[in-house]
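Here's query14.cif, which has mmCIF, C-alpha atoms:
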data_final
#
loop_
_atom_site.label_atom_id
_atom_site.label_comp_id
_atom_site.auth_asym_id
_atom_site.auth_seq_id
_atom_site.Cartn_x
_atom_site.Cartn_y
_atom_site.Cartn_z
CA MET A 1 -2.25 -50.44 37.97
CA LYS A 2 -2.82 -53.87 36.44
CA THR A 3 -5.17 -52.42 33.84
CA VAL A 4 -5.50 -48.84 32.67
CA ALA A 5 -8.66 -47.13 31.42
CA TYR A 6 -8.85 -43.55 30.19
CA TYR A 7 -11.88 -41.47 29.24
CA ASN A 8 -11.32 -37.83 28.28
CA GLY A 9 -8.47 -37.47 30.77
CA LYS A 10 -9.98 -39.49 33.62
CA ILE A 11 -7.89 -42.58 34.48
CA SER A 12 -8.83 -45.69 36.46
CA GLU A 13 -8.76 -49.48 36.37
CA ILE A 14 -10.84 -50.81 33.47
CA ASN A 15 -13.57 -52.29 35.69
CA GLN A 16 -14.03 -48.93 37.42
CA MET A 17 -14.43 -46.80 34.31
CA GLN A 18 -17.88 -45.58 33.29
CA ILE A 19 -18.89 -44.11 29.93
CA PRO A 20 -21.97 -41.92 29.33
CA LEU A 21 -24.96 -43.71 27.84
CA ASN A 22 -25.17 -41.03 25.13
CA ASP A 23 -21.64 -41.62 23.86
CA ARG A 24 -22.09 -42.13 20.10
CA SER A 25 -20.33 -45.50 20.38
CA VAL A 26 -23.32 -46.92 22.30
CA PHE A 27 -26.03 -46.37 19.69
CA PHE A 28 -24.16 -46.08 16.41
CA GLY A 29 -20.64 -47.44 16.75
CA ASP A 30 -19.80 -43.93 15.56
CA GLY A 31 -16.05 -43.81 15.95
CA VAL A 32 -12.75 -45.34 14.97
CA TYR A 33 -10.05 -47.18 16.86
CA ASP A 34 -6.57 -48.57 16.64
CA ALA A 35 -4.44 -50.90 18.72
CA THR A 36 -0.91 -52.15 19.10
CA MET A 37 1.34 -53.93 21.56
CA ALA A 38 3.77 -52.52 24.10
CA ALA A 39 6.49 -53.96 26.32
CA ASN A 40 8.87 -52.40 28.82
CA HIS A 41 6.69 -49.27 28.64
CA THR A 42 7.54 -48.91 24.96
CA ILE A 43 4.76 -48.77 22.36
CA PHE A 44 5.55 -50.86 19.29
CA GLU A 45 5.43 -49.00 15.97
CA PRO A 46 3.16 -46.16 17.13
CA GLU A 47 3.84 -44.19 13.96
CA TYR A 48 2.14 -46.82 11.76
CA HIS A 49 -0.90 -46.99 14.00
CA LEU A 50 -1.34 -43.27 14.53
CA GLU A 51 -1.05 -42.60 10.80
CA ARG A 52 -3.82 -45.12 10.13
CA PHE A 53 -5.89 -43.80 13.03
CA PHE A 54 -5.87 -40.21 11.80
CA ASN A 55 -6.67 -41.41 8.28
CA SER A 56 -9.73 -43.21 9.65
CA LEU A 57 -10.81 -40.10 11.56
CA LYS A 58 -10.59 -38.07 8.37
CA LYS A 59 -12.62 -40.60 6.38
CA ILE A 60 -15.56 -40.41 8.78
CA GLN A 61 -15.23 -36.64 9.29
CA ILE A 62 -14.35 -36.56 12.98
CA GLN A 63 -12.28 -33.51 13.83
CA THR A 64 -10.32 -33.96 17.04
CA GLU A 65 -8.32 -31.38 18.96
CA PHE A 66 -5.56 -33.92 19.51
CA THR A 67 -2.48 -33.70 17.35
CA TYR A 68 -0.36 -36.73 16.54
CA ASP A 69 2.16 -35.83 19.27
CA GLN A 70 -0.52 -35.07 21.86
CA LEU A 71 -2.30 -38.36 21.32
CA LEU A 72 0.97 -40.28 21.46
CA ALA A 73 1.74 -38.52 24.76
CA GLU A 74 -1.61 -39.61 26.24
CA LEU A 75 -1.02 -43.19 25.11
CA GLN A 76 2.45 -43.16 26.61
CA LYS A 77 1.10 -41.74 29.86
CA CYS A 78 -1.28 -44.69 30.15
CA VAL A 79 1.38 -47.24 29.21
CA ASN A 80 3.66 -45.81 31.91
CA LEU A 81 0.94 -46.41 34.52
CA ALA A 82 0.66 -50.13 33.71
CA ASP A 83 2.33 -52.16 36.44
CA SER A 84 3.31 -55.23 34.44
CA ASP A 85 6.38 -56.92 33.02
CA ALA A 86 4.25 -58.78 30.47
CA PRO A 87 3.43 -57.43 27.01
CA LEU A 88 0.50 -55.03 26.93
CA PHE A 89 -2.37 -54.63 24.51
CA VAL A 90 -2.82 -50.90 23.88
CA TYR A 91 -6.21 -49.85 22.48
CA TRP A 92 -7.63 -46.42 21.80
CA GLN A 93 -10.68 -44.97 20.09
CA ILE A 94 -12.29 -41.64 19.38
CA THR A 95 -16.05 -41.33 19.04
CA ARG A 96 -17.99 -38.44 17.59
CA GLY A 97 -19.02 -37.28 21.04
CA THR A 98 -21.84 -37.38 23.58
CA ALA A 99 -25.32 -36.27 22.52
CA LEU A 100 -28.93 -37.40 22.38
CA ARG A 101 -29.47 -40.17 19.85
CA ASN A 102 -29.73 -38.63 16.38
CA PHE A 103 -28.42 -39.98 13.09
CA THR A 104 -26.91 -36.66 11.96
CA PHE A 105 -23.68 -35.33 13.39
CA PRO A 106 -24.09 -33.62 16.78
CA LYS A 107 -22.34 -30.43 17.82
CA SER A 108 -20.28 -32.17 20.46
CA LYS A 109 -16.63 -32.67 21.33
CA PRO A 110 -15.16 -36.07 20.34
CA ASN A 111 -14.43 -38.51 23.17
CA LEU A 112 -11.08 -40.28 23.60
CA ILE A 113 -11.02 -43.74 25.17
CA ILE A 114 -7.87 -45.73 25.96
CA TYR A 115 -7.56 -49.08 27.65
CA ILE A 116 -4.56 -51.26 28.37
CA TYR A 117 -4.20 -54.77 29.75
CA GLU A 118 -1.74 -57.66 29.78
CA ALA A 119 -1.79 -59.75 26.61
CA ASN A 120 0.50 -62.19 24.86
CA LEU A 121 1.67 -62.10 21.28
CA THR A 122 0.28 -64.96 19.21
CA ASP A 123 2.27 -68.18 19.56
CA LEU A 124 3.59 -68.80 16.04
CA ARG A 125 4.38 -72.45 16.85
CA LYS A 126 0.68 -73.31 16.88
CA PRO A 127 -0.84 -73.16 13.37
CA TRP A 128 -4.41 -71.97 13.08
CA LYS A 129 -7.43 -73.64 11.59
CA VAL A 130 -9.74 -71.28 9.73
CA ILE A 131 -12.95 -71.21 7.75
CA THR A 132 -13.85 -69.20 4.68
CA LYS A 133 -16.93 -67.03 4.43
CA GLU A 134 -18.44 -64.72 1.82
CA ASP A 135 -17.56 -61.13 2.71
CA THR A 136 -20.90 -59.35 3.18
CA ARG A 137 -19.51 -56.40 5.14
CA PHE A 138 -19.89 -52.85 3.91
CA LEU A 139 -17.62 -51.23 1.30
CA HIS A 140 -15.50 -49.19 3.70
CA CYS A 141 -13.29 -51.88 5.19
CA ASP A 142 -10.29 -49.55 4.96
CA ILE A 143 -11.77 -47.55 7.87
CA LYS A 144 -10.96 -49.03 11.28
CA THR A 145 -14.47 -48.49 12.60
CA ILE A 146 -15.63 -49.62 16.04
CA ASP A 147 -18.80 -51.01 14.41
CA LEU A 148 -17.58 -54.63 14.23
CA LEU A 149 -20.76 -56.71 14.34
CA PRO A 150 -20.07 -58.64 11.08
CA ALA A 151 -16.62 -59.58 12.38
CA VAL A 152 -18.11 -60.63 15.72
CA LEU A 153 -20.66 -62.91 14.05
CA ALA A 154 -18.07 -64.46 11.74
CA SER A 155 -15.61 -65.00 14.60
CA GLU A 156 -18.27 -66.76 16.65
CA GLU A 157 -19.09 -69.00 13.68
CA ALA A 158 -15.42 -69.97 13.42
CA LYS A 159 -15.27 -70.66 17.16
CA GLN A 160 -18.33 -72.90 16.98
CA GLN A 161 -16.57 -74.92 14.28
CA GLY A 162 -13.46 -75.30 16.44
CA CYS A 163 -11.44 -72.82 14.37
CA ASP A 164 -9.36 -69.74 15.13
CA GLU A 165 -10.30 -67.26 12.40
CA VAL A 166 -12.35 -66.52 9.30
CA ILE A 167 -10.96 -65.67 5.89
CA PHE A 168 -13.41 -63.49 3.97
CA HIS A 169 -13.80 -63.54 0.21
CA ARG A 170 -15.91 -61.64 -2.32
CA GLY A 171 -16.67 -64.20 -4.96
CA PRO A 172 -13.31 -65.81 -5.79
CA ARG A 173 -11.30 -62.85 -4.45
CA VAL A 174 -9.76 -63.25 -0.99
CA THR A 175 -9.99 -60.04 1.05
CA GLU A 176 -8.97 -60.36 4.71
CA CYS A 177 -9.85 -62.04 7.99
CA ALA A 178 -12.40 -61.02 10.60
CA HIS A 179 -9.71 -59.17 12.55
CA ASN A 180 -6.44 -59.86 10.75
CA ASN A 181 -4.86 -59.65 7.32
CA VAL A 182 -4.20 -62.81 5.31
CA ASN A 183 -1.18 -63.35 3.06
CA ILE A 184 0.29 -66.25 1.13
CA LEU A 185 3.73 -67.49 0.13
CA LYS A 186 4.08 -69.05 -3.32
CA ASN A 187 7.27 -69.93 -5.19
CA GLY A 188 9.34 -67.81 -2.80
CA ILE A 189 7.11 -64.74 -3.17
CA PHE A 190 5.22 -62.98 -0.37
CA ILE A 191 1.79 -62.10 -1.75
CA THR A 192 -0.65 -59.78 0.01
CA PRO A 193 -3.94 -58.25 -1.18
CA PRO A 194 -3.70 -54.70 -2.57
CA LEU A 195 -4.84 -51.75 -0.50
CA ASP A 196 -8.30 -50.59 -1.48
CA ASN A 197 -11.65 -50.10 0.24
CA LEU A 198 -12.14 -53.84 0.76
CA ILE A 199 -9.32 -54.44 3.26
CA LEU A 200 -7.84 -52.73 6.28
CA PRO A 201 -4.34 -51.32 5.72
CA GLY A 202 -2.77 -53.58 8.33
CA THR A 203 0.31 -52.32 10.15
CA ALA A 204 1.79 -55.83 10.35
CA ARG A 205 1.06 -56.27 6.64
CA ARG A 206 3.04 -53.10 6.04
CA HIS A 207 5.80 -54.33 8.36
CA PHE A 208 6.17 -57.60 6.45
CA LEU A 209 6.45 -55.70 3.17
CA ASP A 210 9.27 -53.67 4.77
CA ILE A 211 10.93 -56.91 5.84
CA CYS A 212 10.70 -58.29 2.30
CA LYS A 213 12.41 -55.17 0.96
CA ARG A 214 15.09 -55.36 3.65
CA LEU A 215 15.85 -59.05 3.01
CA SER A 216 15.39 -58.89 -0.78
CA ILE A 217 12.48 -61.33 -0.66
CA PRO A 218 10.20 -60.95 -3.71
CA PHE A 219 6.73 -59.64 -2.91
CA GLU A 220 3.54 -58.77 -4.75
CA GLU A 221 0.58 -56.63 -3.72
CA ARG A 222 -2.17 -58.12 -5.83
CA ILE A 223 -5.51 -59.86 -5.73
CA PHE A 224 -5.37 -63.59 -5.12
CA THR A 225 -8.18 -66.11 -5.26
CA LEU A 226 -9.60 -68.88 -3.12
CA ASP A 227 -7.94 -71.41 -5.42
CA GLU A 228 -4.57 -69.72 -4.86
CA LEU A 229 -5.22 -69.67 -1.13
CA PHE A 230 -5.73 -73.42 -0.99
CA GLU A 231 -2.75 -74.07 -3.28
CA ALA A 232 -0.32 -71.68 -1.53
CA ASP A 233 2.99 -72.94 -0.17
CA GLU A 234 2.11 -71.18 3.09
CA VAL A 235 -0.86 -69.19 4.34
CA MET A 236 0.08 -66.66 7.03
CA ILE A 237 -2.06 -64.34 9.09
CA THR A 238 -0.80 -61.03 10.39
CA SER A 239 -1.97 -58.35 12.80
CA SER A 240 -0.63 -56.11 15.55
CA ALA A 241 -0.25 -59.12 17.88
CA THR A 242 0.08 -61.84 15.24
CA TYR A 243 3.41 -61.83 13.47
CA GLY A 244 2.79 -64.36 10.72
CA VAL A 245 0.94 -67.26 12.32
CA PRO A 246 0.68 -70.11 9.79
CA VAL A 247 -2.60 -71.71 8.75
CA SER A 248 -2.71 -75.50 8.70
CA HIS A 249 -6.35 -76.13 7.73
CA ILE A 250 -8.97 -74.18 5.77
CA ASP A 251 -12.54 -75.47 5.80
CA GLY A 252 -11.16 -78.74 7.13
CA LYS A 253 -8.66 -79.14 4.28
CA LYS A 254 -4.94 -79.27 5.05
CA VAL A 255 -2.97 -76.38 3.52
CA GLY A 256 0.52 -74.90 3.55
CA GLY A 257 3.58 -76.47 5.12
CA LYS A 258 5.58 -76.28 1.88
CA ALA A 259 7.87 -73.30 2.62
CA PRO A 260 8.71 -73.47 6.34
CA GLU A 261 12.16 -71.90 5.99
CA LEU A 262 10.90 -68.76 4.26
CA LEU A 263 8.01 -68.52 6.70
CA HIS A 264 10.39 -68.82 9.65
CA THR A 265 12.72 -66.18 8.19
CA LEU A 266 9.87 -63.66 7.94
CA GLN A 267 8.52 -64.46 11.40
CA ALA A 268 11.95 -64.27 13.03
CA GLU A 269 12.74 -60.91 11.44
CA CYS A 270 9.45 -59.46 12.64
CA ILE A 271 10.05 -60.69 16.18
CA ALA A 272 13.59 -59.31 16.06
CA ASP A 273 12.17 -55.88 15.22
CA PHE A 274 9.82 -56.12 18.22
CA VAL A 275 12.74 -57.05 20.47
CA LYS A 276 14.89 -54.23 19.10
CA GLU A 277 12.20 -51.61 19.68
CA THR A 278 10.85 -52.78 23.04
CA GLY A 279 13.69 -54.77 24.60
CA PHE A 280 11.29 -57.65 25.33
CA THR A 281 11.89 -61.12 23.88
CA PRO A 282 8.64 -63.09 23.45
CA ASP A 283 8.76 -66.90 23.52
CA ILE A 284 6.57 -67.46 20.48
CA LEU A 285 8.79 -69.04 17.80
#
Show how you would write the structure in this file as structure tokens.
Amino acid sequence: MKTVAYYNGKISEINQMQIPLNDRSVFFGDGVYDATMAANHTIFEPEYHLERFFNSLKKIQIQTEFTYDQLLAELQKCVNLADSDAPLFVYWQITRGTALRNFTFPKSKPNLIIYIYEANLTDLRKPWKVITKEDTRFLHCDIKTIDLLPAVLASEEAKQQGCDEVIFHRGPRVTECAHNNVNILKNGIFITPPLDNLILPGTARRHFLDICKRLSIPFEERIFTLDELFEADEVMITSSATYGVPVSHIDGKKVGGKAPELLHTLQAECIADFVKETGFTPDIL
């Protein structure tokens, strides 16, 4: 199969899968999701993603019958069905169930959706241009909800301006991107926003903190401002498929480019971990 879709145990190609109209995702975005990459039929860092996924389920009070090991087994089953030598994007979500439209919780069994398709890791040799935008999303950004309309609108605004991403801020405080985490390098220190309800606990963010500890690179988990963003030695964006892509321009102003060696060291170590776990070497650095 070139693509793999899964709905409550039923498996098909993505374009053949159908979902009930009354799935709570249709009317309310009532569910959570997670995603990672895979290569050579090996899922990259599933433990980080499943931990975050079950935390999100708990925060919105969805009780699923799946255990950690059972869900991992279903994901692996789908990855094994993918007929591709290229890296794979592995996505899964659980919604509150299928029921007539009603704002209160229904008495229904949660639905599990998985889909998988070929996708490349972000090319780290091509710096991104981004815009900044006031963060007007809700106050539960730590939950990986499938209700992503604010991120969709912000991403489209960036696209219309010829840019690759949006960096959100609340007043002077930088939070995160529309669908990535943002970090800076300054004076040899890796700086990333602290975990609270205003940012998603990114798995790549966590990975880069592990790399800093491993390589004895100083790091700080703290709030940083828009001024610090513009004055950073490097601005780097991270996600499950984006292992430290640098930012070259913010709101049309040139930024970064002052600590390429440290940036390269972090990127290379992250890619090496991907190669070690999956056996696939991406041509992205």
One number please: CA of Val26 in chain A to CA of Ser155 in chain A, in Å, one decimal.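 Atom-to-atom, CA of Val26 in chain A to CA of Ser155 in chain A, that is 21.1 Å.
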Option closest in space to Glu74 in chain A, from A:Leu112, A:Ala151, A:Ile14, A:Ile199 [counting only C-alpha atoms]: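 Of all the options, A:Leu112 lies closest to Glu74 in chain A.
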Can you translate the PyMOL selection byres ((chain A and resi 203) around 7) into the concrete residues it hits in this file, as an NGL selection string? :A and (48-49 or 201-202 or 204-207 or 239-240)
List the neighbours of Thr98 in chain A out to 6 Å using only C-alpha atoms; skip same-chain residues closer than 4 positions along the sequence, and give me the result as a list in words.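 My list of contacting residues is Asn22, Asp23 and Arg24 of chain A.
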Take the residues from that selection and write them out as a PDB file, in the frame of the given file, keeping C-alpha atoms.
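Final output, saved to again24.pdb:
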ATOM      1  CA  ASN A  22     -25.170 -41.030  25.130  1.00  0.00           C
ATOM      2  CA  ASP A  23     -21.640 -41.620  23.860  1.00  0.00           C
ATOM      3  CA  ARG A  24     -22.090 -42.130  20.100  1.00  0.00           C
TER       4      ARG A  24
END
Would you mind telling me which residue in A:Ala35, A:Ala86, A:Leu81, A:Leu263 lies nearest to Gly279 in chain A when using only C-alpha atoms?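 Of A:Ala35, A:Ala86, A:Leu81, A:Leu263, the one nearest Gly279 in chain A is A:Ala86, counting only C-alpha atoms.
With CA of Glu45 in chain A on one side and CA of Asp273 in chain A on the other, the separation reads 9.7 Å.
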Could you expand the PyMOL selection byres ((chain A and resi 139) around 12) into the explicit residues it covers here, written as a PyMOL selection string? chain A and resi 135-138+140-143+170+175+196-200
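Among the candidates A:Leu148, A:Ile271, A:Leu185, A:Cys78, the residue lying nearest to Glu220 in chain A is A:Leu185 (atoms considered: all atoms listed in the file).
Taking CA of Gln61 in chain A as the reference point, CA of Val4 in chain A is found at 28.1 Å.
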Which of these, A:Phe274, A:Phe168, A:Phe219, A:Trp92, has the shortest distance to Thr145 in chain A once you count all atoms listed in the file?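 Under the stated criterion, the closest residue is A:Trp92.
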Using all atoms listed in the file, find all polymer residues with an atom at most 12 Å away from the point (2.3, -73.3, -0.3); report them as a ChimeraX atom specification. /A:183-191,227-236,246-248,254-263
Name the residues that the PyMOL selection byres ((chain A and resi 15) around 12) pulls out of this structure, and write them as a PyMOL selection string. chain A and resi 1-6+11-14+16-19+115-117
Those selected residues, please, written with C-alpha atoms and delivered as a CSV table (one decimal), keeping the file's coordinate frame.
chain,number,residue,atom,x,y,z
A,1,MET,CA,-2.2,-50.4,38.0
A,2,LYS,CA,-2.8,-53.9,36.4
A,3,THR,CA,-5.2,-52.4,33.8
A,4,VAL,CA,-5.5,-48.8,32.7
A,5,ALA,CA,-8.7,-47.1,31.4
A,6,TYR,CA,-8.8,-43.6,30.2
A,11,ILE,CA,-7.9,-42.6,34.5
A,12,SER,CA,-8.8,-45.7,36.5
A,13,GLU,CA,-8.8,-49.5,36.4
A,14,ILE,CA,-10.8,-50.8,33.5
A,16,GLN,CA,-14.0,-48.9,37.4
A,17,MET,CA,-14.4,-46.8,34.3
A,18,GLN,CA,-17.9,-45.6,33.3
A,19,ILE,CA,-18.9,-44.1,29.9
A,115,TYR,CA,-7.6,-49.1,27.6
A,116,ILE,CA,-4.6,-51.3,28.4
A,117,TYR,CA,-4.2,-54.8,29.8
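Ranking A:Leu121, A:Ala99, A:Ala154, A:Leu57 by their shortest atom-to-atom distance to Ala39 in chain A, with all atoms listed in the file included, puts A:Leu121 first.
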Looking at A:Ala82, A:Pro87, A:Asp251, A:Pro218, which one is nearest to Gln161 in chain A, with distances taken over only C-alpha atoms? A:Asp251
